[in-house]
Amino acid sequence: MITFVTGTDTDIGKTVVTAALAVCAGDSVAVVKPAQTGVAPDEPGDLAEVGRLSGVTALHEGVRLPEPLAPTTAARRAGIVLPSVEEYAASIDDLARTYDTVLVEGAGGLLVGLDADGNNLADLAEHLTSPFRFVVVTRAGLGTLNHTGLTVEALRTRELPVEGLVIGSWPDDPDLAERCNLEDLPATAGVPLIGRIPSGVGAWPRDKFRSTAPSWFE
């Protein structure tokens, strides 16, 4: 099974959610980041963080771009030709023939462009031959209902399967909107809330992260 980890925005916890899902997936798991932006060639990117937290070693980065922008914008400014979503899909399908689980972490939100034609993560998924599903990472607080509903609606319009929602950073002391959103998010989006990641766990040591991660999901 291929699981796409997408989000309603950037900086909402997709990388930590990906690491936690990798822990729960068992021993036969690979993690893919089709496009990594905002890091220099010798700097650790999101996959390094996934590996540090989860212990997974099958980490596959597609293309690396120096500026912290959408992949299509960063590639255009750097003069780099991006792989097509068909090429990305073929490499992910190859991994799915080797590993029981392949996790694919997107860049920014669902509709952010990944190749020169502006195709996005949803377009990539439509080129796969292996079974797949989406997990949508969302914020806890005010404003998340609209963003989450729009992301799920975009997936449903394309008839792409959505496993559920994960709150990428659940505060220690949630406010009124955050508490209400536990009920309102699944009602608005029409898919279940399957997980909450406590804020700050990305700074935990690996052993603590691995032993606790399964408790964050339904």
# chains A, B, ... in the order shown; residues from 1 in each chain; ligands from 1
call {"tool": "residues_around", "arguments": {"residues": "Thr15 in chain A", "least_positions_apart": "2", "cutoff": "8 Å", "atoms": "only C-alpha atoms", "output": "PyMOL selection string"}}
result
chain A and resi 13+17-19+46-47+49-50+105
call {"tool": "write_last_selection", "arguments": {"atoms": "N, CA, C and O atoms", "output": "PDB file, in the first residue's frame"}}
result
ATOM      1  N   GLY A  13       3.372  19.887  10.082  1.00  0.00           N
ATOM      2  CA  GLY A  13       3.739  18.639  10.737  1.00  0.00           C
ATOM      3  C   GLY A  13       3.745  17.416   9.850  1.00  0.00           C
ATOM      4  O   GLY A  13       3.753  16.293  10.369  1.00  0.00           O
ATOM      5  N   VAL A  17       4.427  13.509  11.071  1.00  0.00           N
ATOM      6  CA  VAL A  17       3.376  12.521  10.820  1.00  0.00           C
ATOM      7  C   VAL A  17       3.912  11.379   9.970  1.00  0.00           C
ATOM      8  O   VAL A  17       3.634  10.200  10.242  1.00  0.00           O
ATOM      9  N   THR A  18       4.706  11.694   8.954  1.00  0.00           N
ATOM     10  CA  THR A  18       5.292  10.653   8.118  1.00  0.00           C
ATOM     11  C   THR A  18       6.179   9.738   8.937  1.00  0.00           C
ATOM     12  O   THR A  18       6.132   8.508   8.791  1.00  0.00           O
ATOM     13  N   ALA A  19       6.983  10.308   9.820  1.00  0.00           N
ATOM     14  CA  ALA A  19       7.844   9.491  10.679  1.00  0.00           C
ATOM     15  C   ALA A  19       7.023   8.594  11.591  1.00  0.00           C
ATOM     16  O   ALA A  19       7.347   7.412  11.793  1.00  0.00           O
ATOM     17  N   ASP A  46      13.925  16.856   4.971  1.00  0.00           N
ATOM     18  CA  ASP A  46      12.826  16.219   5.700  1.00  0.00           C
ATOM     19  C   ASP A  46      13.061  14.722   5.881  1.00  0.00           C
ATOM     20  O   ASP A  46      12.714  14.154   6.919  1.00  0.00           O
ATOM     21  N   LEU A  47      13.647  14.070   4.877  1.00  0.00           N
ATOM     22  CA  LEU A  47      13.864  12.628   5.010  1.00  0.00           C
ATOM     23  C   LEU A  47      14.871  12.300   6.104  1.00  0.00           C
ATOM     24  O   LEU A  47      14.752  11.259   6.760  1.00  0.00           O
ATOM     25  N   GLU A  49      15.096  13.858   8.853  1.00  0.00           N
ATOM     26  CA  GLU A  49      14.314  13.938  10.092  1.00  0.00           C
ATOM     27  C   GLU A  49      13.436  12.704  10.258  1.00  0.00           C
ATOM     28  O   GLU A  49      13.307  12.163  11.362  1.00  0.00           O
ATOM     29  N   VAL A  50      12.838  12.234   9.163  1.00  0.00           N
ATOM     30  CA  VAL A  50      12.056  10.995   9.223  1.00  0.00           C
ATOM     31  C   VAL A  50      12.938   9.846   9.691  1.00  0.00           C
ATOM     32  O   VAL A  50      12.549   9.052  10.560  1.00  0.00           O
ATOM     33  N   GLU A 105       5.725  11.727   1.144  1.00  0.00           N
ATOM     34  CA  GLU A 105       5.446  13.028   1.758  1.00  0.00           C
ATOM     35  C   GLU A 105       5.439  14.110   0.687  1.00  0.00           C
ATOM     36  O   GLU A 105       6.426  14.292  -0.039  1.00  0.00           O
TER      37      GLU A 105
END
call {"tool": "residues_around", "arguments": {"residues": "Thr101 in chain A", "least_positions_apart": "3", "cutoff": "12 Å", "atoms": "only C-alpha atoms", "output": "PyMOL selection string"}}
result
chain A and resi 1-4+18+21-32+56+58+92-98+104+130-133
call {"tool": "closest_atom_pairs", "arguments": {"of": "range 71-185 of chain A", "to": "range 193-198 of chain A", "cutoff": "9 Å", "atoms": "only C-alpha atoms", "output": "tab-separated table"}}
result
residue	atom	partner	partner_atom	distance
A:Ala140	CA	A:Arg196	CA	9.0
A:Glu163	CA	A:Ile194	CA	8.2
A:Gly164	CA	A:Leu193	CA	5.7
A:Leu165	CA	A:Leu193	CA	4.6
A:Val166	CA	A:Gly195	CA	4.5
A:Ile167	CA	A:Arg196	CA	4.7
A:Gly168	CA	A:Ile197	CA	5.4
A:Ser169	CA	A:Ile197	CA	5.2
A:Trp170	CA	A:Pro198	CA	4.6
A:Pro171	CA	A:Pro198	CA	6.3
A:Asp172	CA	A:Pro198	CA	7.2
A:Leu182	CA	A:Leu193	CA	7.6
A:Glu183	CA	A:Leu193	CA	8.6
A:Leu185	CA	A:Leu193	CA	7.2
call {"tool": "residues_around", "arguments": {"residues": "range 74-84 of chain A", "least_positions_apart": "2", "cutoff": "10 Å", "atoms": "only C-alpha atoms", "output": "list in words"}}
result
Pro34, Ala35, Gln36, Thr37, Gly38, Gly62, Val63, Arg64, Leu65, Pro66, Glu67, Pro68, Leu69, Ala70, Pro71, Thr72, Glu86, Glu87, Tyr88, Ala89, Leu114, Asp115, Ala116, Asp117, Gly118, Asn119, Asn120 and Leu124 of chain A
call {"tool": "write_last_selection", "arguments": {"atoms": "N, CA and C atoms", "output": "compact mmCIF listing (two decimals), in the first residue's frame"}}
result
# COMPACT_ATOMS: atom_id res chain seq x y z
N PRO A 34 9.27 13.37 -3.08
CA PRO A 34 9.52 13.68 -4.49
C PRO A 34 10.30 14.96 -4.70
N ALA A 35 10.01 16.00 -3.92
CA ALA A 35 10.69 17.29 -4.09
C ALA A 35 10.97 17.89 -2.72
N GLN A 36 12.24 18.17 -2.47
CA GLN A 36 12.67 18.82 -1.24
C GLN A 36 13.17 20.22 -1.57
N THR A 37 12.56 21.23 -0.99
CA THR A 37 12.98 22.60 -1.26
C THR A 37 13.52 23.26 0.00
N GLY A 38 14.31 24.31 -0.21
CA GLY A 38 14.79 25.10 0.92
C GLY A 38 15.97 24.54 1.65
N GLY A 62 13.60 12.73 -4.37
CA GLY A 62 13.55 12.87 -5.81
C GLY A 62 14.46 13.97 -6.34
N VAL A 63 14.16 15.21 -5.99
CA VAL A 63 14.94 16.34 -6.45
C VAL A 63 15.07 17.32 -5.30
N ARG A 64 16.22 17.98 -5.22
CA ARG A 64 16.49 18.93 -4.14
C ARG A 64 16.69 20.32 -4.75
N LEU A 65 16.02 21.31 -4.16
CA LEU A 65 16.04 22.66 -4.69
C LEU A 65 16.39 23.63 -3.56
N PRO A 66 17.24 24.62 -3.84
CA PRO A 66 17.81 25.41 -2.74
C PRO A 66 16.87 26.41 -2.08
N GLU A 67 15.92 26.99 -2.81
CA GLU A 67 15.10 28.04 -2.23
C GLU A 67 13.81 27.49 -1.62
N PRO A 68 13.36 28.05 -0.50
CA PRO A 68 12.16 27.55 0.19
C PRO A 68 10.87 28.03 -0.48
N LEU A 69 10.63 27.49 -1.68
CA LEU A 69 9.48 27.88 -2.49
C LEU A 69 8.78 26.62 -2.98
N ALA A 70 7.65 26.80 -3.64
CA ALA A 70 7.02 25.65 -4.29
C ALA A 70 8.01 25.04 -5.28
N PRO A 71 8.01 23.70 -5.44
CA PRO A 71 9.00 23.06 -6.31
C PRO A 71 9.06 23.64 -7.72
N THR A 72 7.90 23.92 -8.34
CA THR A 72 7.92 24.47 -9.69
C THR A 72 8.59 25.84 -9.72
N GLU A 86 4.82 11.42 -14.07
CA GLU A 86 4.86 10.03 -14.57
C GLU A 86 6.14 9.33 -14.12
N GLU A 87 7.27 10.07 -14.16
CA GLU A 87 8.54 9.49 -13.71
C GLU A 87 8.51 9.24 -12.21
N TYR A 88 8.00 10.19 -11.46
CA TYR A 88 7.86 9.98 -10.01
C TYR A 88 7.01 8.74 -9.74
N ALA A 89 5.88 8.62 -10.42
CA ALA A 89 4.97 7.50 -10.18
C ALA A 89 5.64 6.17 -10.49
N LEU A 114 4.51 19.98 -8.88
CA LEU A 114 5.69 19.13 -8.71
C LEU A 114 6.54 19.01 -9.97
N ASP A 115 5.98 19.34 -11.12
CA ASP A 115 6.77 19.23 -12.34
C ASP A 115 6.58 20.46 -13.22
N ALA A 116 7.27 20.49 -14.35
CA ALA A 116 7.28 21.68 -15.20
C ALA A 116 5.91 22.01 -15.76
N ASP A 117 5.02 21.02 -15.84
CA ASP A 117 3.67 21.25 -16.35
C ASP A 117 2.71 21.66 -15.25
N GLY A 118 3.20 21.78 -14.03
CA GLY A 118 2.34 22.19 -12.92
C GLY A 118 1.53 21.07 -12.32
N ASN A 119 1.81 19.82 -12.69
CA ASN A 119 1.10 18.70 -12.10
C ASN A 119 1.45 18.57 -10.62
N ASN A 120 0.49 18.11 -9.83
CA ASN A 120 0.65 18.09 -8.38
C ASN A 120 0.60 16.66 -7.84
N LEU A 124 0.08 13.00 -9.63
CA LEU A 124 1.04 11.91 -9.49
C LEU A 124 0.33 10.61 -9.13
call {"tool": "residues_around", "arguments": {"residues": "Val162 in chain A", "least_positions_apart": "3", "cutoff": "8 Å", "atoms": "only C-alpha atoms", "output": "PyMOL selection string"}}
result
chain A and resi 133-136+152+155-156+191
call {"tool": "write_last_selection", "arguments": {"atoms": "C-alpha atoms", "output": "PDB file, in the first residue's frame"}}
result
ATOM      1  CA  ARG A 133      -4.568   6.234  -0.231  1.00  0.00           C
ATOM      2  CA  PHE A 134      -4.182   9.770   1.118  1.00  0.00           C
ATOM      3  CA  VAL A 135      -3.766  10.974   4.682  1.00  0.00           C
ATOM      4  CA  VAL A 136      -4.428  14.689   5.148  1.00  0.00           C
ATOM      5  CA  VAL A 152     -10.613  16.680   0.974  1.00  0.00           C
ATOM      6  CA  LEU A 155      -9.323  14.675  -3.534  1.00  0.00           C
ATOM      7  CA  ARG A 156     -12.923  13.521  -3.763  1.00  0.00           C
ATOM      8  CA  VAL A 191     -13.659  11.580   6.704  1.00  0.00           C
TER       9      VAL A 191
END
call {"tool": "select_by_dssp", "arguments": {"residues": "range 34-186 of chain A", "states": "strand (DSSP E)", "output": "NGL selection string"}}
result
:A and (34-37 or 59-65 or 101-105 or 132-138 or 162-170)
call {"tool": "closest_residue", "arguments": {"among": "A:Ala187, A:Val85, A:Ala177, A:Ala107", "to": "Thr10 in chain A", "atoms": "only C-alpha atoms"}}
result
A:Ala107
